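J.: Got a file for you: entry-v1.txt, compact mmCIF, C-alpha atoms.
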```txt
# COMPACT_ATOMS: atom_id res chain seq x y z
CA MET K 22 15.72 5.99 -13.09
CA SER K 23 16.57 2.29 -13.06
CA ILE K 24 13.15 1.25 -11.77
CA VAL K 25 9.63 2.22 -12.79
CA VAL K 26 7.04 2.58 -10.03
CA ASP K 27 3.31 2.74 -10.69
CA GLN K 28 -0.06 1.87 -9.15
CA PRO K 29 -1.87 -0.38 -11.65
CA ARG K 30 -4.76 -1.14 -9.28
CA GLU K 31 -6.18 0.48 -6.17
CA HIS K 32 -3.98 -0.34 -3.14
CA VAL K 33 -1.41 -2.13 -5.35
CA LEU K 34 2.10 -0.71 -5.86
CA ARG K 35 4.24 -2.17 -8.63
CA ILE K 36 8.01 -1.93 -9.01
CA ARG K 37 9.50 -2.83 -12.39
CA LEU K 38 13.25 -3.24 -12.74
CA ASP K 39 14.06 -1.27 -15.88
CA ALA K 40 17.57 -1.80 -17.16
CA PRO K 41 16.95 -4.17 -20.11
CA GLU K 42 20.38 -3.50 -21.62
CA VAL K 43 21.89 -5.47 -18.70
CA ARG K 44 18.93 -7.81 -18.17
CA ASN K 45 17.75 -5.67 -15.23
CA ALA K 46 20.92 -6.33 -13.25
CA ILE K 47 20.97 -4.55 -9.88
CA SER K 48 23.31 -1.58 -9.80
CA GLN K 49 24.23 0.42 -6.73
CA ALA K 50 21.74 3.11 -7.81
CA MET K 51 18.98 0.56 -8.42
CA ALA K 52 19.57 -1.07 -5.02
CA LEU K 53 19.15 2.31 -3.33
CA GLU K 54 15.97 3.08 -5.30
CA LEU K 55 14.56 -0.35 -4.44
CA ALA K 56 15.21 0.02 -0.72
CA GLN K 57 13.69 3.51 -0.60
CA THR K 58 10.60 2.52 -2.60
CA ILE K 59 10.01 -0.63 -0.56
CA ASP K 60 10.32 1.39 2.66
CA ARG K 61 7.76 3.93 1.38
CA CYS K 62 5.37 1.16 0.41
CA ALA K 63 5.65 -0.42 3.85
CA ALA K 64 4.84 2.89 5.55
CA ASP K 65 1.90 3.87 3.31
CA PRO K 66 -1.44 2.31 4.40
CA GLU K 67 -2.86 2.98 0.92
CA HIS K 68 -0.49 0.38 -0.50
CA LYS K 69 -1.65 -3.06 0.63
CA VAL K 70 0.17 -5.27 -1.88
CA LEU K 71 3.58 -4.95 -3.55
CA VAL K 72 4.27 -6.41 -7.01
CA ILE K 73 7.84 -6.76 -8.31
CA THR K 74 8.71 -7.58 -11.92
CA GLY K 75 11.25 -6.78 -14.64
CA THR K 76 11.26 -5.31 -18.11
CA ASP K 77 11.12 -8.13 -20.67
CA PRO K 78 12.87 -10.31 -21.61
CA ALA K 79 14.47 -10.86 -18.17
CA PHE K 80 13.42 -10.64 -14.55
CA CYS K 81 16.84 -9.85 -13.08
CA ALA K 82 20.38 -10.97 -13.92
CA GLY K 83 21.73 -10.34 -10.43
CA VAL K 84 24.27 -7.67 -9.48
CA ASP K 85 25.39 -5.32 -12.24
CA LEU K 86 28.92 -6.37 -13.21
CA ARG K 87 29.74 -2.78 -14.17
CA ASP K 88 29.59 -1.84 -10.50
CA ILE K 89 31.71 -4.82 -9.48
CA SER K 90 34.31 -3.97 -12.16
CA ALA K 91 34.42 -0.39 -10.89
CA GLY K 92 34.96 -1.59 -7.33
CA ARG K 93 31.55 -0.40 -6.14
CA ARG K 94 29.86 -2.57 -3.53
CA VAL K 95 26.15 -3.02 -4.22
CA SER K 96 24.15 -2.91 -0.99
CA MET K 97 21.85 -5.87 -0.38
CA HIS K 98 19.84 -3.94 2.22
CA PHE K 99 16.65 -4.22 0.19
CA PHE K 100 16.71 -8.02 0.65
CA ASP K 101 16.51 -7.44 4.42
CA VAL K 102 13.71 -4.90 3.89
CA LEU K 103 11.74 -7.44 1.86
CA ALA K 104 12.42 -10.19 4.40
CA GLU K 105 10.61 -8.15 7.05
CA PHE K 106 8.03 -6.65 4.70
CA PRO K 107 4.63 -6.57 6.43
CA LYS K 108 2.48 -6.76 3.28
CA PRO K 109 2.07 -9.38 0.54
CA VAL K 110 4.83 -9.33 -2.08
CA ILE K 111 4.04 -10.89 -5.47
CA GLY K 112 6.99 -11.56 -7.76
CA VAL K 113 6.12 -11.64 -11.44
CA ILE K 114 9.07 -13.64 -12.74
CA ASN K 115 8.83 -12.65 -16.40
CA GLY K 116 12.10 -14.21 -17.56
CA VAL K 117 15.40 -15.47 -16.19
CA ALA K 118 16.08 -14.82 -12.49
CA ALA K 119 19.82 -15.34 -12.14
CA THR K 120 22.02 -15.39 -9.01
CA GLY K 121 21.09 -12.18 -7.13
CA GLY K 122 17.94 -12.00 -9.24
CA PHE K 123 17.10 -15.51 -8.03
CA GLU K 124 17.53 -14.22 -4.46
CA LEU K 125 15.22 -11.30 -5.20
CA ALA K 126 12.58 -13.74 -6.46
CA LEU K 127 13.00 -15.88 -3.33
CA ALA K 128 12.40 -12.82 -1.13
CA CYS K 129 8.92 -12.45 -2.65
CA HIS K 130 6.10 -14.23 -0.82
CA ILE K 131 4.41 -15.47 -4.00
CA ARG K 132 5.94 -16.04 -7.44
CA ILE K 133 4.10 -16.23 -10.76
CA GLY K 134 5.89 -17.27 -13.93
CA SER K 135 5.42 -18.14 -17.59
CA PRO K 136 7.08 -20.67 -19.91
CA LEU K 137 9.86 -18.06 -20.33
CA THR K 138 10.68 -18.11 -16.61
CA ALA K 139 13.88 -19.76 -15.42
CA PHE K 140 16.00 -19.73 -12.26
CA VAL K 141 19.78 -20.17 -12.06
CA ASP K 142 22.28 -19.67 -9.24
CA ARG K 143 25.83 -19.01 -10.43
CA HIS K 144 27.35 -17.81 -7.15
CA ALA K 145 29.56 -20.92 -6.81
CA GLN K 146 30.63 -20.80 -10.47
CA LEU K 147 31.70 -17.18 -9.90
CA GLY K 148 33.68 -18.17 -6.81
CA MET K 149 31.26 -16.42 -4.46
CA VAL K 150 29.11 -17.26 -1.45
CA ALA K 151 25.57 -15.87 -1.77
CA GLY K 152 24.76 -12.96 0.54
CA GLY K 153 21.16 -12.17 -0.36
CA GLY K 154 19.39 -15.08 1.31
CA MET K 155 19.92 -17.94 -1.15
CA SER K 156 21.09 -20.55 1.39
CA ALA K 157 18.39 -19.56 3.90
CA ARG K 158 15.35 -19.33 1.62
CA LEU K 159 16.04 -21.83 -1.17
CA VAL K 160 16.53 -24.78 1.19
CA ARG K 161 13.24 -23.97 2.96
CA LEU K 162 11.38 -24.12 -0.35
CA VAL K 163 12.93 -27.09 -2.10
CA GLY K 164 14.83 -29.07 0.56
CA LEU K 165 18.53 -29.58 1.16
CA GLY K 166 19.33 -31.95 -1.70
CA ALA K 167 17.61 -29.92 -4.39
CA ALA K 168 19.02 -26.64 -3.06
CA LEU K 169 22.59 -27.96 -3.08
CA GLU K 170 22.17 -29.33 -6.60
CA ILE K 171 20.85 -26.00 -7.88
CA THR K 172 23.70 -24.02 -6.31
CA LEU K 173 26.63 -26.37 -6.89
CA SER K 174 25.70 -27.39 -10.44
CA GLY K 175 24.61 -23.97 -11.68
CA ARG K 176 21.98 -25.63 -13.83
CA LYS K 177 19.00 -23.65 -15.08
CA ILE K 178 15.59 -24.55 -13.64
CA GLY K 179 12.77 -24.11 -16.16
CA ALA K 180 9.23 -23.05 -15.35
CA ASP K 181 7.72 -26.55 -15.12
CA ASP K 182 10.41 -27.83 -12.77
CA ALA K 183 10.20 -24.61 -10.75
CA LEU K 184 6.46 -25.11 -10.34
CA ALA K 185 6.93 -28.72 -9.23
CA MET K 186 9.61 -27.68 -6.71
CA GLY K 187 7.55 -24.89 -5.22
CA LEU K 188 9.69 -22.06 -6.61
CA LEU K 189 6.61 -20.86 -8.51
CA ASN K 190 3.01 -20.73 -7.33
CA HIS K 191 1.58 -20.49 -10.86
CA VAL K 192 2.74 -20.77 -14.46
CA VAL K 193 0.55 -18.98 -17.03
CA ASP K 194 0.91 -17.90 -20.65
CA HIS K 195 3.36 -15.02 -20.85
CA HIS K 196 0.76 -12.52 -22.03
CA LEU K 197 -1.39 -13.38 -18.98
CA LEU K 198 1.33 -12.70 -16.39
CA GLU K 199 0.31 -9.13 -15.57
CA GLN K 200 -3.42 -9.86 -15.46
CA THR K 201 -2.94 -12.94 -13.27
CA ALA K 202 -0.70 -11.08 -10.82
CA LEU K 203 -2.96 -8.04 -10.56
CA ASP K 204 -6.10 -10.15 -10.09
CA LEU K 205 -4.34 -11.98 -7.26
CA ALA K 206 -3.16 -8.66 -5.82
CA ASP K 207 -6.74 -7.34 -5.92
CA SER K 208 -8.00 -10.28 -3.87
CA MET K 209 -5.26 -9.74 -1.29
CA ALA K 210 -5.80 -5.98 -1.16
CA ALA K 211 -9.43 -6.60 -0.18
CA ILE K 212 -8.24 -7.99 3.17
CA ASP K 213 -7.94 -5.65 6.17
CA GLY K 214 -4.39 -4.31 6.01
CA GLU K 215 -3.66 -4.86 9.69
CA LEU K 216 -4.98 -8.41 9.55
CA SER K 217 -2.88 -9.15 6.46
CA SER K 218 0.27 -7.96 8.24
CA ILE K 219 -0.53 -10.05 11.31
CA ILE K 220 -1.03 -13.18 9.20
CA ILE K 221 2.23 -12.61 7.29
CA GLY K 222 4.12 -12.14 10.55
CA LEU K 223 2.52 -15.24 12.04
CA TYR K 224 3.39 -17.42 9.05
CA ARG K 225 6.94 -16.05 9.00
CA THR K 226 7.46 -16.76 12.69
CA ASN K 227 5.74 -20.14 12.73
CA SER K 228 7.75 -21.39 9.76
CA GLU K 229 10.76 -21.49 12.09
CA LEU K 230 9.06 -22.92 15.20
CA PRO K 231 8.37 -26.55 16.21
CA LEU K 232 4.74 -27.53 15.57
CA GLY K 233 3.65 -27.37 19.21
CA GLU K 234 5.06 -23.87 19.71
CA ALA K 235 3.64 -22.72 16.37
CA LEU K 236 0.14 -23.90 17.34
CA LYS K 237 0.34 -22.05 20.65
CA ALA K 238 1.53 -18.89 18.90
CA GLU K 239 -1.32 -19.11 16.39
CA ARG K 240 -3.97 -19.49 19.09
CA ALA K 241 -2.54 -16.59 21.08
CA VAL K 242 -2.58 -14.29 18.05
CA ALA K 243 -6.08 -15.47 17.06
CA ASP K 244 -7.41 -14.75 20.56
CA GLN K 245 -5.77 -11.34 20.66
CA TRP K 246 -7.18 -10.40 17.25
CA ARG K 247 -10.66 -11.63 18.14
CA ASP K 248 -10.67 -9.74 21.44
CA SER K 249 -9.54 -6.53 19.75
CA ARG K 250 -12.32 -6.58 17.15
CA ASP K 251 -16.04 -6.01 17.25
CA ARG K 252 -17.60 -9.47 17.34
CA SER K 253 -20.77 -8.34 15.60
CA GLY K 254 -18.64 -6.92 12.78
CA ALA K 255 -16.83 -10.23 12.43
CA LEU K 256 -20.17 -12.03 12.27
CA GLU K 257 -21.37 -9.73 9.50
CA ASN K 258 -18.17 -10.42 7.55
CA PHE K 259 -18.75 -14.16 7.95
CA LYS K 260 -22.33 -13.88 6.71
CA ALA K 261 -21.26 -11.82 3.70
CA LEU K 262 -18.53 -14.31 2.81
CA LYS K 263 -20.94 -17.22 3.09
CA GLU K 264 -23.44 -15.47 0.81
CA ARG K 265 -20.77 -14.82 -1.84
CA SER K 266 -19.70 -18.48 -1.79
CA ASN K 267 -23.25 -19.80 -2.31
```
Would you write the structure of this file as structure tokens?

T.:
Amino acid sequence: MSIVVDQPREHVLRIRLDAPEVRNAISQAMALELAQTIDRCAADPEHKVLVITGTDPAFCAGVDLRDISAGRRVSMHFFDVLAEFPKPVIGVINGVAATGGFELALACHIRIGSPLTAFVDRHAQLGMVAGGGMSARLVRLVGLGAALEITLSGRKIGADDALAMGLLNHVVDHHLLEQTALDLADSMAAIDGELSSIIIGLYRTNSELPLGEALKAERAVADQWRDSRDRSGALENFKALKERSN
């Protein structure tokens, strides 16, 4: 097995890339395991949050060069699966995320790192055009100028710069990475699973719409959700939330 799958908290599924001898590079076998596991998580209502990380000291070094040298094409299907994933995906970026590993991190909804975290895109230096979403996702996070600099220079982005750019949501001490990610996953898993999926889909769609259209789409989804739910139940939820915040 090139990945380790466990359930560290109720409703939380965790995938750990486990090929430390190649810095968790993605082989053909690993890509297949990832796609199958992600598909199972999407279909299982017991799993409300997905966490993805790597075995220290790296997050993921990209595609396994042993497969490339052997002429084996590594499928990037799991990037598409993650792109349409209906549940929260937390990336625990525990070390360097390089090239395809950078793309894997970008496919996560939320990224948590430590001072050991770094991002680097070496597609251009390798004479390649990225095929796992780099040009689509990176520019949306950091803007055109920063994205082009990262890709064309191949320079490594450390944790502090990544946080300032929006590549990371949080930077914590390395020994706190797992606890921080699982606590965040717990809070997300407490949300109604159907509601969580609707919100993720709405944010994904609205990120590509003009503001006016996005506002209309939000109101339509909000009305549909409200009409499909018991209003008294919603009121009770509101009261309970207000009490907890006092």

J.: Need to verify the contact set: range 36-42 of chain K, 6 Å, all atoms listed in the file, exclusion of same-chain residues closer than 3 positions in sequence. Can you return it as a list of chain:residue names?

T.: K:Ser23, K:Ile24, K:Val25, K:Val26, K:Asn45, K:Ile73, K:Thr74, K:Gly75, K:Thr76

J.: Neighbours of range 235-245 of chain K within 8 Å (all atoms listed in the file; same-chain residues fewer than 5 positions away dropped), as a list in words?

T.: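 Near range 235-245 of chain K, the qualifying residues are Leu223, Thr226, Asn227, Ser228 and Leu230 of chain K.
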
J.: Check the smallest atom-to-atom distance from each of K:His144, K:Arg30, K:Arg225, K:Arg93 to Lys108 in chain K using all atoms listed in the file, then report the winner.

T.: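 Ranking K:His144, K:Arg30, K:Arg225, K:Arg93 by distance to Lys108 in chain K, first place goes to K:Arg225.
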
J.: Could you tell me which of K:Arg132, K:Lys69, K:Arg158, K:His196 comes closest to Leu216 in chain K if we count only C-alpha atoms?

T.: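 Of all the options, K:Lys69 lies closest to Leu216 in chain K.
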
J.: When you draw a straight line from CA of Phe106 in chain K to CA of Ala63 in chain K, how long is it in Å?

T.: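 Pair CA of Phe106 in chain K / CA of Ala63 in chain K returns 6.7 Å.
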
J.: So which one's closest to Gly175 in chain K, K:Ala145, K:Ala157, K:Ala50, K:Leu71? Using all atoms listed in the file, please.

T.: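 For Gly175 in chain K, the nearest of the given residues is K:Ala145.
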
J.: Using only C-alpha atoms, can you list as a PyMOL selection string the residues within 10 Å of (-2.2, 7.1, -2.0)?

T.: chain K and resi 28+31-34+62+65-68

J.: Record the distance separating CA of Ala46 in chain K and CA of Ala183 in chain K, expressed in Å with one decimal.

T.: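 Spanning CA of Ala46 in chain K to CA of Ala183 in chain K is a straight-line distance of 21.3 Å.
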
J.: What is the CA of His130 in chain K-CA of Arg94 in chain K distance in Å, reported with one decimal?

T.: 26.6 Å

J.: Excluding Ile219 in chain K and residues on its chain fewer than 4 positions from it, collect all residues at most 9 Å away from it, counting all atoms listed in the file, and give them as a compact mmCIF listing (two decimals) with C-alpha atoms, in the coordinates of the input.

T.:
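Everything below was put into around_1.txt:
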```txt
# COMPACT_ATOMS: atom_id res chain seq x y z
CA PRO K 107 4.63 -6.57 6.43
CA GLY K 214 -4.39 -4.31 6.01
CA GLU K 215 -3.66 -4.86 9.69
CA LEU K 223 2.52 -15.24 12.04
CA TYR K 224 3.39 -17.42 9.05
CA VAL K 242 -2.58 -14.29 18.05
CA TRP K 246 -7.18 -10.40 17.25
```

J.: Would you mind telling me which residue in K:Leu53, K:Ile89, K:His98, K:Ile111 lies nearest to Leu203 in chain K when using all atoms listed in the file?

T.: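 When distances to Leu203 in chain K are compared using all atoms listed in the file, the smallest one comes from K:Ile111.
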
J.: Name the closest residue to Leu184 in chain K among the candidates K:Gln146, K:Ser156, K:Ser96, K:Thr138; distances are taken between atoms, counting only C-alpha atoms.

T.: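 Answer, going by the shortest atom-to-atom distance: K:Thr138.
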
J.: Mind checking which residues fall within 10 Å of Val192 in chain K, counting only C-alpha atoms, ignoring those fewer than 3 positions away in the same chain, and posting them as a ChimeraX atom specification?

T.: /K:114,132-138,180-181,183-184,189,195,197-198,201

J.: Please identify all polymer residues within 12 Å of Met97 in chain K, counting only C-alpha atoms, omitting same-chain residues fewer than 5 positions from it, and present them as an MDAnalysis selection string.

T.: chainID K and resid 47:56 83:84 102:104 121:122 124:125 128 151:154
